[in-house]
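Note: the block below is model-v5.txt and it holds compact mmCIF, C-alpha atoms and all ligand atoms.
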# COMPACT_ATOMS: atom_id res chain seq x y z
CA MET A 19 -9.34 -16.24 87.47
CA ARG A 20 -6.11 -16.48 85.53
CA ARG A 21 -8.08 -17.01 82.33
CA LEU A 22 -10.25 -14.03 83.04
CA LEU A 23 -7.15 -11.89 83.54
CA ARG A 24 -5.68 -13.12 80.25
CA ASN A 25 -8.89 -12.37 78.36
CA ARG A 26 -8.94 -8.90 79.84
CA MET A 27 -5.33 -8.37 78.78
CA ILE A 28 -6.13 -9.47 75.24
CA PHE A 29 -9.15 -7.19 75.17
CA MET A 30 -7.14 -4.23 76.47
CA ALA A 31 -4.39 -4.79 73.88
CA TYR A 32 -6.98 -5.05 71.13
CA PHE A 33 -8.61 -1.81 72.33
CA VAL A 34 -5.34 0.10 72.47
CA VAL A 35 -4.23 -1.05 69.02
CA SER A 36 -7.53 -0.42 67.27
CA SER A 37 -8.27 2.99 68.78
CA GLY A 38 -4.65 3.96 68.16
CA SER A 39 -5.02 3.06 64.48
CA ILE A 40 -8.24 5.08 64.21
CA LEU A 41 -6.51 8.10 65.75
CA TRP A 42 -3.52 7.65 63.39
CA LEU A 43 -5.80 7.40 60.39
CA ALA A 44 -7.66 10.54 61.43
CA SER A 45 -4.46 12.47 61.84
CA THR A 46 -2.86 11.45 58.54
CA CYS A 47 -5.55 11.29 55.90
CA GLY A 48 -7.53 14.26 54.52
CA PRO A 49 -11.20 14.83 55.14
CA GLY A 50 -12.18 12.75 52.12
CA CYS A 51 -11.37 9.36 53.66
CA MET A 52 -12.95 10.29 56.98
CA SER A 53 -16.02 11.89 55.47
CA ASP A 54 -18.40 10.11 57.72
CA GLU A 55 -16.74 11.42 60.86
CA ILE A 56 -15.98 15.03 59.61
CA GLY A 57 -19.10 15.64 57.58
CA GLU A 58 -19.85 16.91 54.07
CA ASP A 59 -19.81 20.62 55.05
CA SER A 60 -16.32 20.69 56.44
CA MET A 61 -15.06 18.68 53.46
CA LEU A 62 -16.50 21.32 51.17
CA ASP A 63 -14.85 24.04 53.27
CA TYR A 64 -11.56 22.24 53.02
CA TYR A 65 -11.72 22.09 49.20
CA LYS A 66 -12.94 25.68 48.94
CA HIS A 67 -9.96 26.75 50.99
CA GLU A 68 -7.59 24.67 48.85
CA LEU A 69 -9.10 26.13 45.66
CA GLU A 70 -8.69 29.67 46.97
CA ARG A 71 -5.08 28.97 47.87
CA THR A 72 -4.37 27.59 44.37
CA ARG A 73 -6.09 30.56 42.74
CA ALA A 74 -4.03 32.99 44.82
CA ASN A 75 -0.85 31.14 43.80
CA MET A 76 -1.83 31.33 40.14
CA ARG A 77 -2.58 35.05 40.40
CA GLN A 78 0.84 35.57 41.95
CA THR A 79 2.52 33.57 39.18
CA GLU A 80 0.59 35.50 36.52
CA THR A 81 1.72 38.81 38.03
CA LYS A 82 5.31 37.56 38.07
CA LEU A 83 5.11 36.49 34.41
CA LYS A 84 3.63 39.85 33.45
CA THR A 85 6.48 41.66 35.20
CA ILE A 86 8.97 39.42 33.37
CA THR A 87 7.48 40.17 29.93
CA GLN A 88 7.22 43.89 30.68
CA THR A 89 10.85 44.02 31.77
CA LEU A 90 11.91 41.98 28.76
CA ASN A 91 9.87 44.21 26.47
CA LYS A 92 11.84 47.27 27.50
CA GLN A 93 15.19 45.75 26.54
CA TYR A 94 14.55 42.59 24.58
CA ALA A 95 11.24 42.89 22.77
CA LYS A 96 12.00 39.81 20.73
CA ALA A 97 12.44 37.62 23.81
CA ALA A 98 9.25 39.09 25.26
CA SER A 99 7.28 38.17 22.14
CA THR A 100 8.56 34.58 22.41
CA VAL A 101 7.43 34.42 26.04
CA ASN A 102 4.05 35.80 24.98
CA GLU A 103 3.81 33.16 22.29
CA ILE A 104 4.47 30.37 24.81
CA LEU A 105 1.88 31.84 27.16
CA GLY A 106 -0.62 32.24 24.34
CA ILE A 107 -0.76 36.01 24.81
CA GLU A 108 -1.03 37.94 21.56
CA SER A 109 1.80 40.48 21.14
CA PRO A 110 0.61 43.94 20.11
CA ARG A 111 1.03 44.61 16.36
CA VAL A 112 3.80 47.14 15.77
CA PRO A 113 5.00 48.81 12.55
CA THR A 114 8.04 47.21 10.92
CA ILE A 115 11.34 49.03 11.26
CA PHE A 116 13.25 49.12 7.96
CA ALA A 117 16.88 49.86 8.82
CA VAL A 118 18.90 50.92 5.79
CA THR A 119 22.65 50.28 5.97
CA PRO A 120 25.05 51.29 3.19
CA THR A 121 28.28 49.31 3.44
CA TYR A 122 31.52 48.84 1.51
CA THR A 123 34.46 46.44 1.45
CA ARG A 124 37.24 47.26 3.91
CA PRO A 125 39.11 45.41 6.69
CA VAL A 126 36.59 46.26 9.45
CA GLN A 127 33.44 45.58 7.41
CA LYS A 128 32.56 42.18 8.87
CA ALA A 129 33.17 43.32 12.44
CA GLU A 130 30.84 46.30 11.85
CA LEU A 131 28.11 44.09 10.40
CA VAL A 132 28.38 41.54 13.23
CA ARG A 133 28.04 44.28 15.84
CA LEU A 134 24.97 45.71 14.15
CA SER A 135 23.32 42.34 13.52
CA GLN A 136 23.68 41.31 17.13
CA THR A 137 21.87 44.45 18.22
CA PHE A 138 19.18 44.01 15.56
CA LEU A 139 18.52 40.37 16.54
CA ASN A 140 16.83 41.67 19.66
CA ILE A 141 14.26 43.75 17.80
CA ILE A 142 10.83 42.50 16.73
CA ASN A 143 9.32 43.33 13.32
CA PHE A 144 12.67 44.35 11.99
CA HIS A 145 13.80 44.28 8.36
CA TRP A 146 17.41 45.06 7.54
CA ILE A 147 18.17 46.50 4.12
CA VAL A 148 21.88 46.19 3.47
CA VAL A 149 23.12 47.99 0.37
CA GLU A 150 26.65 47.28 -0.78
CA ASP A 151 28.58 50.03 -2.51
CA SER A 152 29.84 47.62 -5.17
CA GLU A 153 29.26 46.45 -8.72
CA ARG A 154 28.41 42.95 -7.48
CA LYS A 155 27.17 41.52 -4.21
CA THR A 156 30.18 40.16 -2.34
CA GLN A 157 30.53 36.62 -0.95
CA LEU A 158 31.38 37.99 2.48
CA VAL A 159 28.19 40.03 2.85
CA SER A 160 25.96 37.44 1.14
CA LYS A 161 27.09 34.60 3.41
CA PHE A 162 27.04 36.81 6.46
CA LEU A 163 23.41 37.82 5.84
CA GLU A 164 22.30 34.24 5.10
CA ASN A 165 23.56 33.17 8.50
CA SER A 166 22.50 36.29 10.39
CA GLY A 167 19.08 35.04 11.51
CA LEU A 168 17.59 38.40 10.52
CA VAL A 169 14.88 39.33 8.03
CA TYR A 170 16.91 41.14 5.38
CA THR A 171 17.12 42.40 1.82
CA HIS A 172 20.52 42.50 0.15
CA LEU A 173 21.00 45.13 -2.56
CA ASN A 174 24.00 46.71 -4.26
CA VAL A 175 24.82 49.79 -6.26
CA LYS A 176 28.24 51.24 -6.91
CA THR A 177 28.63 54.94 -6.23
CA THR A 178 29.31 56.71 -9.54
CA ASP A 179 33.01 57.41 -10.12
CA GLU A 180 32.49 61.14 -9.92
CA TYR A 181 31.32 60.80 -6.31
CA LYS A 182 33.43 57.84 -5.24
CA LEU A 183 36.05 58.70 -2.64
CA LYS A 184 39.59 58.19 -3.90
CA GLU A 185 42.07 56.23 -1.81
CA ASN A 186 43.47 58.60 0.86
CA GLU A 187 41.02 61.38 -0.06
CA ALA A 188 39.59 63.05 3.07
CA SER A 189 36.21 61.43 3.70
CA TRP A 190 34.32 64.71 4.11
CA ARG A 191 35.08 65.66 0.49
CA LYS A 192 32.20 63.59 -0.87
CA PRO A 193 28.92 62.45 0.60
CA ARG A 194 28.91 58.74 1.42
CA GLY A 195 26.19 56.09 1.17
CA VAL A 196 23.82 58.33 -0.80
CA ASP A 197 23.12 56.16 -3.88
CA GLN A 198 22.81 53.15 -1.56
CA ARG A 199 20.18 54.77 0.71
CA ASN A 200 18.25 56.02 -2.33
CA LEU A 201 18.16 52.52 -3.82
CA ALA A 202 16.79 51.21 -0.52
CA ILE A 203 14.01 53.85 -0.58
CA ASP A 204 13.12 52.74 -4.15
CA TRP A 205 13.02 49.12 -2.98
CA ILE A 206 10.83 49.87 0.04
CA LEU A 207 8.32 51.89 -2.00
CA GLU A 208 8.12 49.18 -4.66
CA ASN A 209 8.04 46.11 -2.44
CA VAL A 210 6.37 46.80 0.90
CA PRO A 211 2.61 46.16 0.66
CA GLN A 212 0.52 49.34 0.84
CA ASP A 213 -1.31 48.23 3.98
CA GLU A 214 1.91 47.54 5.89
CA GLU A 215 2.94 50.23 8.36
CA GLY A 216 6.63 50.96 8.66
CA ILE A 217 9.38 53.23 9.90
CA VAL A 218 12.54 53.89 7.90
CA TYR A 219 15.81 54.46 9.74
CA PHE A 220 19.19 55.10 8.11
CA ALA A 221 21.59 53.03 10.20
CA ASP A 222 25.17 53.48 9.00
CA ASP A 223 27.41 50.50 9.66
CA ASP A 224 29.94 52.32 11.87
CA ASN A 225 27.57 53.56 14.61
CA THR A 226 26.49 52.09 17.97
CA TYR A 227 22.77 51.72 18.62
CA SER A 228 20.90 51.12 21.88
CA LEU A 229 17.81 48.92 21.62
CA GLN A 230 15.75 51.64 23.25
CA ILE A 231 15.96 53.99 20.29
CA PHE A 232 14.30 51.36 18.07
CA GLU A 233 11.40 50.94 20.47
CA GLU A 234 10.99 54.71 20.68
CA MET A 235 11.11 55.31 16.91
CA ARG A 236 8.21 52.91 16.37
CA THR A 237 5.86 55.73 17.40
CA THR A 238 7.02 57.95 14.49
CA GLN A 239 4.08 59.58 12.70
CA ARG A 240 6.12 61.56 10.17
CA VAL A 241 9.69 62.34 11.29
CA SER A 242 11.04 61.70 14.79
CA VAL A 243 14.33 63.14 16.11
CA TRP A 244 16.78 62.63 18.97
CA PRO A 245 20.37 63.42 20.00
CA VAL A 246 23.45 61.65 18.58
CA GLY A 247 26.56 61.16 20.71
CA LEU A 248 30.19 61.72 19.66
CA VAL A 249 29.45 63.63 16.48
CA GLY A 250 30.31 66.98 14.90
CA ALA A 251 33.47 67.16 17.03
CA LEU A 252 31.22 67.53 20.09
CA ARG A 253 30.16 65.22 22.95
CA PHE A 254 26.76 65.17 21.27
CA GLU A 255 24.53 67.07 18.88
CA ARG A 256 20.82 67.49 19.48
CA PRO A 257 17.67 69.33 18.48
CA ILE A 258 16.88 72.26 20.79
CA LEU A 259 13.25 72.46 21.93
CA ASN A 260 11.12 75.35 23.16
CA ASP A 261 8.87 75.21 26.23
CA ALA A 262 6.09 73.74 24.12
CA GLY A 263 8.37 70.83 23.20
CA LYS A 264 8.79 71.87 19.55
CA VAL A 265 12.15 71.87 17.78
CA THR A 266 13.38 75.43 17.19
CA SER A 267 17.08 74.97 16.35
CA TRP A 268 20.07 72.64 16.61
CA TYR A 269 22.80 72.23 19.12
CA THR A 270 25.69 71.85 16.67
CA MET A 271 28.82 73.78 15.80
CA TRP A 272 28.88 72.73 12.16
CA ALA A 273 26.66 74.98 9.98
CA PRO A 274 23.91 75.45 12.59
CA ASP A 275 21.81 77.23 9.98
CA ARG A 276 21.30 74.08 7.94
CA PRO A 277 17.56 73.42 7.47
CA PHE A 278 18.06 70.28 9.63
CA GLY A 279 21.30 70.33 11.61
CA MET A 280 21.26 66.61 12.27
CA ASP A 281 23.33 63.54 11.62
CA MET A 282 21.85 60.61 9.69
CA ALA A 283 21.59 58.59 12.91
CA GLY A 284 19.39 61.20 14.61
CA PHE A 285 16.04 60.77 12.85
CA ALA A 286 13.52 58.26 11.49
CA VAL A 287 10.84 58.70 8.82
CA SER A 288 7.46 56.97 8.62
CA LEU A 289 6.80 54.90 5.54
CA LYS A 290 3.51 56.80 5.25
CA LEU A 291 5.41 60.06 4.69
CA PHE A 292 7.64 58.42 2.07
CA ARG A 293 4.51 57.21 0.27
CA GLN A 294 3.06 60.73 0.37
CA GLN A 295 6.31 62.17 -1.09
CA PRO A 296 7.41 59.30 -3.34
CA HIS A 297 10.07 61.35 -5.14
CA ALA A 298 11.94 62.50 -2.03
CA ARG A 299 15.54 61.20 -2.08
CA PHE A 300 18.98 62.16 -0.73
CA ASP A 301 20.78 64.58 -3.02
CA ILE A 302 24.32 63.45 -3.85
CA THR A 303 25.20 66.94 -5.09
CA SER A 304 24.44 68.55 -1.71
CA MET A 305 27.10 70.57 0.07
CA ARG A 306 29.11 69.05 2.89
CA GLY A 307 26.83 68.25 5.84
CA TYR A 308 23.63 68.92 3.90
CA VAL A 309 22.81 65.34 2.84
CA GLU A 310 20.32 64.79 5.68
CA SER A 311 18.65 68.16 5.03
CA SER A 312 18.34 67.40 1.32
CA LEU A 313 15.94 64.54 2.06
CA LEU A 314 14.01 66.14 4.91
CA VAL A 315 13.35 69.32 2.89
CA GLN A 316 11.91 67.22 0.03
CA LEU A 317 9.74 65.33 2.51
CA GLY A 318 8.02 68.69 3.11
CA ILE A 319 8.52 68.55 6.86
CA ARG A 320 8.94 71.68 9.00
CA LYS A 321 11.07 71.92 12.15
CA GLU A 322 7.98 72.34 14.29
CA ASP A 323 6.51 69.11 12.86
CA LEU A 324 9.41 67.00 14.14
CA GLU A 325 8.59 64.54 16.91
CA PRO A 326 11.22 64.70 19.68
CA LEU A 327 12.07 61.35 21.33
CA ALA A 328 14.62 60.23 23.94
CA GLU A 329 13.02 62.17 26.78
CA MET A 330 12.58 65.39 24.83
CA CYS A 331 15.99 64.99 23.23
CA THR A 332 17.87 64.85 26.54
CA LYS A 333 19.16 61.26 26.25
CA VAL A 334 21.87 59.91 23.97
CA LEU A 335 20.78 56.49 22.64
CA VAL A 336 22.93 56.32 19.50
CA TRP A 337 26.59 57.07 19.00
CA HIS A 338 28.54 58.04 15.91
CA THR A 339 31.40 55.86 17.13
CA ARG A 340 33.30 55.30 13.85
CA THR A 341 35.70 52.41 13.90
CA GLU A 342 39.39 53.11 13.76
CA LYS A 343 41.15 52.05 10.59
CA PRO A 344 43.28 49.04 11.60
CA LYS A 345 47.03 49.07 11.28
CA TRP A 346 48.09 47.02 8.27
CA LYS A 347 51.82 47.71 8.08
CA GLN A 348 53.03 44.19 8.87
CA GLU A 349 50.45 42.65 6.55
CA ASP A 350 51.75 44.90 3.75
CA LYS A 351 55.32 43.73 4.48
CA LEU A 352 54.21 40.09 4.22
CA ILE A 353 52.37 40.82 0.99
CA ALA A 354 55.56 42.38 -0.41
CA LEU A 355 57.43 39.17 0.54
CA GLY A 356 54.79 37.12 -1.25
CA LYS A 357 53.71 35.57 2.08
CA PRO A 358 50.41 37.23 3.00
CA SER A 359 48.33 35.84 5.89
CA ASP A 360 46.11 32.87 4.99
CA PRO A 361 43.48 34.31 2.61
CA ARG A 362 41.08 31.44 3.44
CA ILE A 363 40.58 32.89 6.90
CA GLU A 364 37.82 35.49 6.70
CA VAL A 365 38.23 38.47 9.02
C1 LIG B 1 28.67 61.19 8.32
C2 LIG B 1 27.22 60.85 8.56
O1 LIG B 1 27.11 60.12 9.81
C3 LIG B 1 26.71 59.97 7.41
O2 LIG B 1 25.41 59.54 7.67
C4 LIG B 1 26.77 60.80 6.13
O3 LIG B 1 26.39 60.01 5.03
C5 LIG B 1 28.20 61.23 5.92
O4 LIG B 1 28.74 61.88 7.07
C6 LIG B 1 28.22 62.18 4.71
O5 LIG B 1 28.36 63.36 4.90
O6 LIG B 1 27.99 61.68 3.61
P1 LIG B 1 30.76 59.39 8.24
O7 LIG B 1 31.04 58.57 9.44
O8 LIG B 1 31.68 60.50 7.89
O9 LIG B 1 29.28 59.91 8.30
O10 LIG B 1 30.57 58.45 6.92
P2 LIG B 1 30.70 56.89 6.81
O11 LIG B 1 30.16 56.25 8.02
O12 LIG B 1 32.06 56.56 6.38
O13 LIG B 1 29.68 56.58 5.59
C7 LIG B 1 28.29 56.54 5.77
C8 LIG B 1 27.74 55.18 5.32
O14 LIG B 1 28.06 55.00 3.94
C9 LIG B 1 28.34 54.00 6.08
O15 LIG B 1 27.34 53.06 6.34
C10 LIG B 1 29.39 53.45 5.11
O16 LIG B 1 29.59 52.07 5.21
C11 LIG B 1 28.80 53.81 3.75
N1 LIG B 1 29.85 54.06 2.73
C12 LIG B 1 30.95 54.81 2.98
C13 LIG B 1 29.69 53.52 1.47
O17 LIG B 1 28.69 52.82 1.21
N2 LIG B 1 30.67 53.74 0.50
C14 LIG B 1 31.78 54.46 0.75
O18 LIG B 1 32.63 54.60 -0.16
C15 LIG B 1 31.92 55.02 2.03
MN MN B 2 29.79 57.03 9.94

Do you think you could lay out the structure here as C-alpha cells?
Amino acid sequence: MRRLLRNRMIFMAYFVVSSGSILWLASTCGPGCMSDEIGEDSMLDYYKHELERTRANMRQTETKLKTITQTLNKQYAKAASTVNEILGIESPRVPTIFAVTPTYTRPVQKAELVRLSQTFLNIINFHWIVVEDSERKTQLVSKFLENSGLVYTHLNVKTTDEYKLKENEASWRKPRGVDQRNLAIDWILENVPQDEEGIVYFADDDNTYSLQIFEEMRTTQRVSVWPVGLVGALRFERPILNDAGKVTSWYTMWAPDRPFGMDMAGFAVSLKLFRQQPHARFDITSMRGYVESSLLVQLGIRKEDLEPLAEMCTKVLVWHTRTEKPKWKQEDKLIALGKPSDPRIEV
C-alpha cells in the first residue's frame, strides 16, 4: 500500500513537471519550434504578418528619410546630396553656379572672404571665381582659397590707374570691380565646356547672401531678378511688376530711369545668354550707377524678359551690408613708435 502510494506520488510529480515544461515551451517559443502542434498554415500566417509589419516599418523609415532630404534640400542642398549619395539616390543634375567676386587688399578682406565661403560651402555645383584687384595674386587670398574646401578659380587683374580709387577718394567717384568681373566673364567663356549649363552671379565680397537665393537663381533661363536689402539709401530696392508678373520699372530713388535700376547683387545671368552675346561686358566708363545696366543692355535683354524670383520680388534674400572700415588709430600709433602688432598674425 505504502509502495503504491509512493509510486503514485512519483507519477504525479513526473506528470506535473513534464506537462508544465510543455506548457512553458509553448508559451515561450515561436510557432517554428512547435510546428507540429500549431500547423503549417498558422506558421505561414505568422511570418506573413511579421513581413507586413517589417515592410510597414521600412515604408515609414523611407518617408522619414525623404522628409529629411527635402528639408535639407531647402536650406543645405550640399548636405542633402551627401545623404542621397549614402542612400544611393541619384541627386538631380543642376546647372553650376559661377559666383564672381572681385576683391582687394584691406583690413577686412579675410573676414569678408570667410563669411562668403562659409555660405558657399552649403551650395552644390558651385564654382567660385575670385578676382583680386592686384598686380599679383596675394599669399593671403591664395592660401585662403586652398583651404576653403570650395571649387574655385583664382584670377587677378589690377584696375587701371585712371579708374583706381585714390586713398580717401569717395567710393562712388569710380566704378569698382569692373575689370575683375570682365576678366571672370572671359575666363568662363574660354574654360567652361560648351555642354555645361551654368548661371553667372556677381557676388561682391561685402554683401550677405541667403542660401535660398542660390537655389532660386538656378532656374534662370536668361536673366533673373530679385530685391536687394539695405541699398540705395533705402530699406530695399526692387523691380516693380505688373499684374502679369512682368517687370515694368524699379523701386529705387537713385536714377529710376536707368535701363536697369538694379544693384549688382540683384540679378543672375545664364551662361547660355553669355554665349549668345560673347562680347557683352561691364563698361568701366559708365556713369555712376550705370555699371549694371551697361552689361544688361549689351546682353540684349528687355525689362519684360526678366525673370522675377523671390516670390515675385517681394522677399529680400540678399543684403548690401557693406562692412564698416575698422578703426586703426592705435595701430597707427604703434607703427609710428616702430612697434606694430605682430605681423606674423594674419587677420
Ligand atoms: C555698389 C554695387 O553694389 C557694386 O556692385 C558696384 O560695382 C559699385 O557700387 C559701383 O558702382 O561700381 P559698393 O559697395 O559701393 O557697390 O562697392 P564695393 O563693394 O566697394 O566694390 C564692389 C566690388 O569690387 C567688391 O567685391 C570689392 O571688393 C571690389 N573692389 C572694390 C575692387 O576689386 N577694387 C577696389 O578698388 C574696390
Ligand atoms: Mn559693396

Taking only C-alpha atoms and all ligand atoms into account, report as a PyMOL selection string which residues have an atom no farther than 6 Å from an atom of ligand LIG 1 (chain B).
chain A and resi 119-122+151+183+193-195+222-224+281-282+307+340

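Restricting the calculation to only C-alpha atoms, the smallest distance between Glu215 (chain A) and any of A:Val365, A:Ala95, A:Ala74, A:Leu289 is found for A:Leu289.
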
How many Å separate CA of Ala251 (chain A) from CA of Ala298 (chain A)?
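These atoms are spaced 29.1 Å apart.
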
What is the CA of Thr114 (chain A)-CA of Thr171 (chain A) distance in Å, reported with one decimal?
13.7 Å

Using all atoms listed in the file, can you tell me which of A:His172, A:Lys333, A:Lys96, A:Arg256 comes closest to Gln157 (chain A)?
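Residue with the minimum atom-to-atom distance to Gln157 (chain A): A:His172.
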